[in-house]
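Written below as structure tokens is the structure these notes are about.
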Amino acid sequence: MAKKASSSTLQVSSTKSGLKKSLKRNIGFFFILPWLIGFLVFRLYPFISSLIYSFTDFQLFKGVSEVGLMNYEEIFASKKIMKAFNVTFKYAFITVPLKLVVSLFIAYILNFKIKGVNLFRTAYYIPSILGGSVAIAVLWKAVFRDDGLLNTALGFFGIAGPQWLSDPRYSLFIICLLRVWQFGSAMVIFLAALKNVPLDLYEAAAIDGAGKGRQFFNITLPLITPVVFYNLVTQLCQAFQEFNGPYIITQGGPRNSTTLISLLIYNSAFKTYEMGMASAMAWLMFIILTIFTAIAFISQKYWVYYSDDEGR
Amino acid sequence: MLYGKKRVFNTAIRYVILIAVGIIMIYPLLWMVSATFKSNNEIFSGIGLIPKKVTFDGYKNAMKNYGGDINIIKSMLNTYSYVIPKVVFTVISSVVTAYGFSRFQFRGRNFLFAVLISTLFLPQVVLNVPQYVMYNQFGWIDSKFYLPLIAPTLFASETYFVFMLIQFMRNISREMEEAAKIDGCNSVQILIKIICPMLKPAMVSCALFQFMWSSNDFMGPLLYVKTPTRYPASIFVKLSMDADTGFDWNRVLAVSLISIIPSLVVFFLSQKNFVEGISAGSIKG
């Protein structure tokens, strides 16, 4: 009704329809508006504030009294924090390559004509679904504690297993294993990619006399590098943020051997409420992660193969 | 002949590897189930799966209240009281956002799409501190309705799902939409009547992943839930482990196992969707 009334005057109708037109042209904007609001409030604002906090001595219940670079100076001077960064690197550089190799290897085997593929795939996938839960961290502790499942099993063979979780030489590796054990989702992604490698390429290579090993390194691997890249970047992001495993299983110990930087961030932010310090550590971690991601992206052109025909 | 023999050998090796890895993957879980029926003396005395003497003490003790008015069942109800809204809101808000990005041109679309993709790489660790400060100002810390956990999902905060849905939508043919447009459907009707039915498998995948991730989430409740009666299962399991480790393992393992039963059931009912969801979300186009 209102529409009809307004169209009686020519001028009004033209501006109205102009508005309506631009509304119609930009209707998509309204669909993404909730996301945009959420992005501004829950992502961008916190992102920028944490950068600002990092240059202050902001404490939750005391506020700010000093502004400057002191948090960053303290980080570089503190042996404890530097060690945590070091442990985080170690964690990432053990977990990520190991997980990628295991998941690709298993996917490669599953890609042969295997009876019961679905059964195997399910079995391998369950740990990735449940792995993030506290229940699995509890299980991990039961398996690797001094008289746990693993050492009981080793005992049958007359081997006295080490104290996996209370010896600093092994503890970090056990925490890494928890994530490597969850290789299922990376494997599913690899498997889907392997299925897309055209069979005729293998046949041609076999006629030329290339063995399975050479076929894998010269045909399969180059063709699935985009997926390797995807898995590499996502796993790297996850590894740098790992928190649950060390927090629940070892509380960062023994002797800080599993104190990842995320644990220190948590402690200073939510135990002592030193928000400024926590933000500085988080930002330093973010910058390092960004550098690694950037290296991965830039190096793409040297090792990631993108086929020309789209959607292959 | 030689070739045939080698082939049989290779196949055999493959199965040996697959079975060995399968045992590593599954044995700890099976052992966990059996350990909940063992007595505490028996649990670490052997690696077998069949209890010498079946006892339900673990489960009996698991049901007991702990540290006041919270027990495993109540904590699980707490968990699902925010997981279910999270799942529903995430699916709806992500579908709407994905629809906007994949079907419309508007000013700033490409820029905003780049922003959307970049948030995939934005680590939560950087956001935790200011988010906590912000929720504290809102009075949301320890909120009865788990607001810090639920509210962001109303705004498609988990961009991974938006991205996954956009990938799916790209593969849906637009003919039906064009036809519906000619028949006079507006864009909202098209979304509900045409897109959603075709997008159902992808929506199910999103719902399932969000269900699993939110049920497993530990950090969120650790930061934002303070009152013991409101603790979700993830916190409750952690607390009972801290309290009982060393002497009451069948109870701790029983509590842990009970806490993941809903996830296991959901997984077995919907395995296919997980596999499809992962492979479609990651790489296509």
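Ligands are numbered from 1 in the order shown, residues from 1 within each chain, and chains are lettered A, B, ... in the order they appear in the structure tokens.
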Exercise: segment 289-291 of chain A partners within 10 Å, only C-alpha atoms, chain neighbours under 5 positions left out, as an MDAnalysis selection string: (chainID A and resid 233 236:237 239:241 283:284 296:297) or (chainID B and resid 121:123)
Close residues, segment 76-85 of chain B itself excluded, 10 Å, only C-alpha atoms, min 5 positions apart in chain, as a PyMOL selection string: chain B and resi 70-71+90-91+145-147+149-151+153-154+207+210-217+221+229-236+258-260+262
Members of segment 34-172 of chain A assigned helix (DSSP H, G or I) by DSSP, as number ranges by chain: A: 34-53, 70-77, 79-110, 117-130, 134-144, 149-156, 168-172
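If you measure from each of A:Gly245, A:Pro46, A:Gly18, A:Gly131 to Gln131 of chain B using only C-alpha atoms, the closest one turns out to be A:Pro46.
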Shell of 9 Å around segment 45-48 of chain B, only C-alpha atoms, local chain residues under 4 positions omitted, as a ChimeraX atom specification: /A:147-150,152-153,156 /B:31,34,41
Using C-alpha atoms, can you export the residues from the last selection as a CSV table (one decimal), in the first residue's frame?
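Okay, this is what ended up in result.csv:
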```
chain,number,residue,atom,x,y,z
A,147,ASP,CA,53.3,-48.3,35.8
A,148,GLY,CA,50.8,-47.7,33.0
A,149,LEU,CA,49.6,-49.8,30.1
A,150,LEU,CA,52.8,-49.3,28.0
A,152,THR,CA,53.2,-53.2,31.8
A,153,ALA,CA,53.3,-54.4,28.2
A,156,PHE,CA,56.2,-58.8,29.5
B,31,TRP,CA,41.5,-51.2,27.1
B,34,SER,CA,37.7,-53.0,30.0
B,41,ASN,CA,44.3,-53.6,41.9
```
Contacts of Ala84 of chain A at 9 Å (only C-alpha atoms; same-chain gap of 5+ positions) as a ChimeraX atom specification: /A:79,89,256-264
Using only N, CA and C atoms, please write the residues we just selected to a file, as an mmCIF file, in the first residue's frame.
```cif
data_model
loop_
_atom_site.group_PDB
_atom_site.id
_atom_site.type_symbol
_atom_site.label_atom_id
_atom_site.label_comp_id
_atom_site.auth_asym_id
_atom_site.auth_seq_id
_atom_site.Cartn_x
_atom_site.Cartn_y
_atom_site.Cartn_z
ATOM 1 N N LYS A 79 64.460 -16.444 30.982
ATOM 2 C CA LYS A 79 64.872 -17.780 30.533
ATOM 3 C C LYS A 79 63.664 -18.696 30.416
ATOM 4 N N PHE A 89 58.513 -24.707 19.686
ATOM 5 C CA PHE A 89 59.108 -25.057 18.384
ATOM 6 C C PHE A 89 59.339 -26.549 18.286
ATOM 7 N N ASN A 256 59.457 -28.157 33.506
ATOM 8 C CA ASN A 256 59.037 -27.291 32.390
ATOM 9 C C ASN A 256 59.289 -27.892 31.009
ATOM 10 N N SER A 257 59.522 -29.213 30.952
ATOM 11 C CA SER A 257 59.852 -29.798 29.651
ATOM 12 C C SER A 257 58.655 -29.807 28.709
ATOM 13 N N THR A 258 57.438 -29.658 29.226
ATOM 14 C CA THR A 258 56.267 -29.597 28.341
ATOM 15 C C THR A 258 55.521 -28.275 28.503
ATOM 16 N N THR A 259 56.202 -27.267 29.050
ATOM 17 C CA THR A 259 55.563 -25.957 29.176
ATOM 18 C C THR A 259 55.603 -25.253 27.826
ATOM 19 N N LEU A 260 54.527 -25.405 27.081
ATOM 20 C CA LEU A 260 54.418 -24.691 25.812
ATOM 21 C C LEU A 260 54.041 -23.247 26.116
ATOM 22 N N ILE A 261 54.242 -22.388 25.135
ATOM 23 C CA ILE A 261 53.992 -20.971 25.369
ATOM 24 C C ILE A 261 52.523 -20.714 25.715
ATOM 25 N N SER A 262 51.618 -21.546 25.171
ATOM 26 C CA SER A 262 50.192 -21.352 25.473
ATOM 27 C C SER A 262 49.915 -21.517 26.967
ATOM 28 N N LEU A 263 50.686 -22.370 27.632
ATOM 29 C CA LEU A 263 50.490 -22.556 29.076
ATOM 30 C C LEU A 263 50.923 -21.317 29.850
ATOM 31 N N LEU A 264 52.047 -20.723 29.426
ATOM 32 C CA LEU A 264 52.493 -19.503 30.099
ATOM 33 C C LEU A 264 51.514 -18.365 29.862
#
```
Atom-to-atom span, atom CA of Lys99 of chain A and atom CA of Phe216 of chain A, Å: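 These atoms are spaced 18.5 Å apart.
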Closest of A:Lys113, A:Ala137, A:Phe85, A:Leu130 to Val252 of chain B - atom-to-atom distances counting only C-alpha atoms: A:Ala137
Nearest candidate to Ile43 of chain B (options A:Ala193, A:Ile129, A:Ala142, A:Ile37; using only C-alpha atoms):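 Among A:Ala193, A:Ile129, A:Ala142, A:Ile37, it is A:Ala142 that comes nearest to Ile43 of chain B.
Distance check against chain B using only C-alpha atoms: of A:Leu172, A:Leu178, A:Leu165, A:Val304, the minimum falls on A:Leu178.
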Near-Leu232 of chain A list (10 Å; only C-alpha atoms; drop same-chain fewer than 3 positions) as a PyMOL selection string: chain A and resi 96-97+99-100+186+226-229+235-238+293+296
Straight-line distance linking atom CA of Met277 of chain A with atom CA of Ile117 of chain B, stated in Å to one decimal: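 Separation of atom CA of Met277 of chain A and atom CA of Ile117 of chain B: 28.7 Å.
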Between atom CA of Lys181 of chain B and atom CA of Cys206 of chain B, distance in Å (one decimal):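 So the answer is 27.6 Å.
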Phe247 of chain B surroundings by only C-alpha atoms, 12 Å radius, close-in-sequence under 2 positions cut, as a list in words: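 Those residues are Ala142 of chain A; Ser39, Asn40, Asn41, Glu42, Ile43, Phe44, Gly58, Ser240, Met241, Asp242, Ala243, Asp244, Thr245, Trp249, Asn250, Arg251, Val252 and Leu253 of chain B.
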All residues 10 Å or closer to Ser173 of chain B, only C-alpha atoms, same chain fewer than 4 positions away omitted, as a PyMOL selection string: chain B and resi 169+177-178+195+198
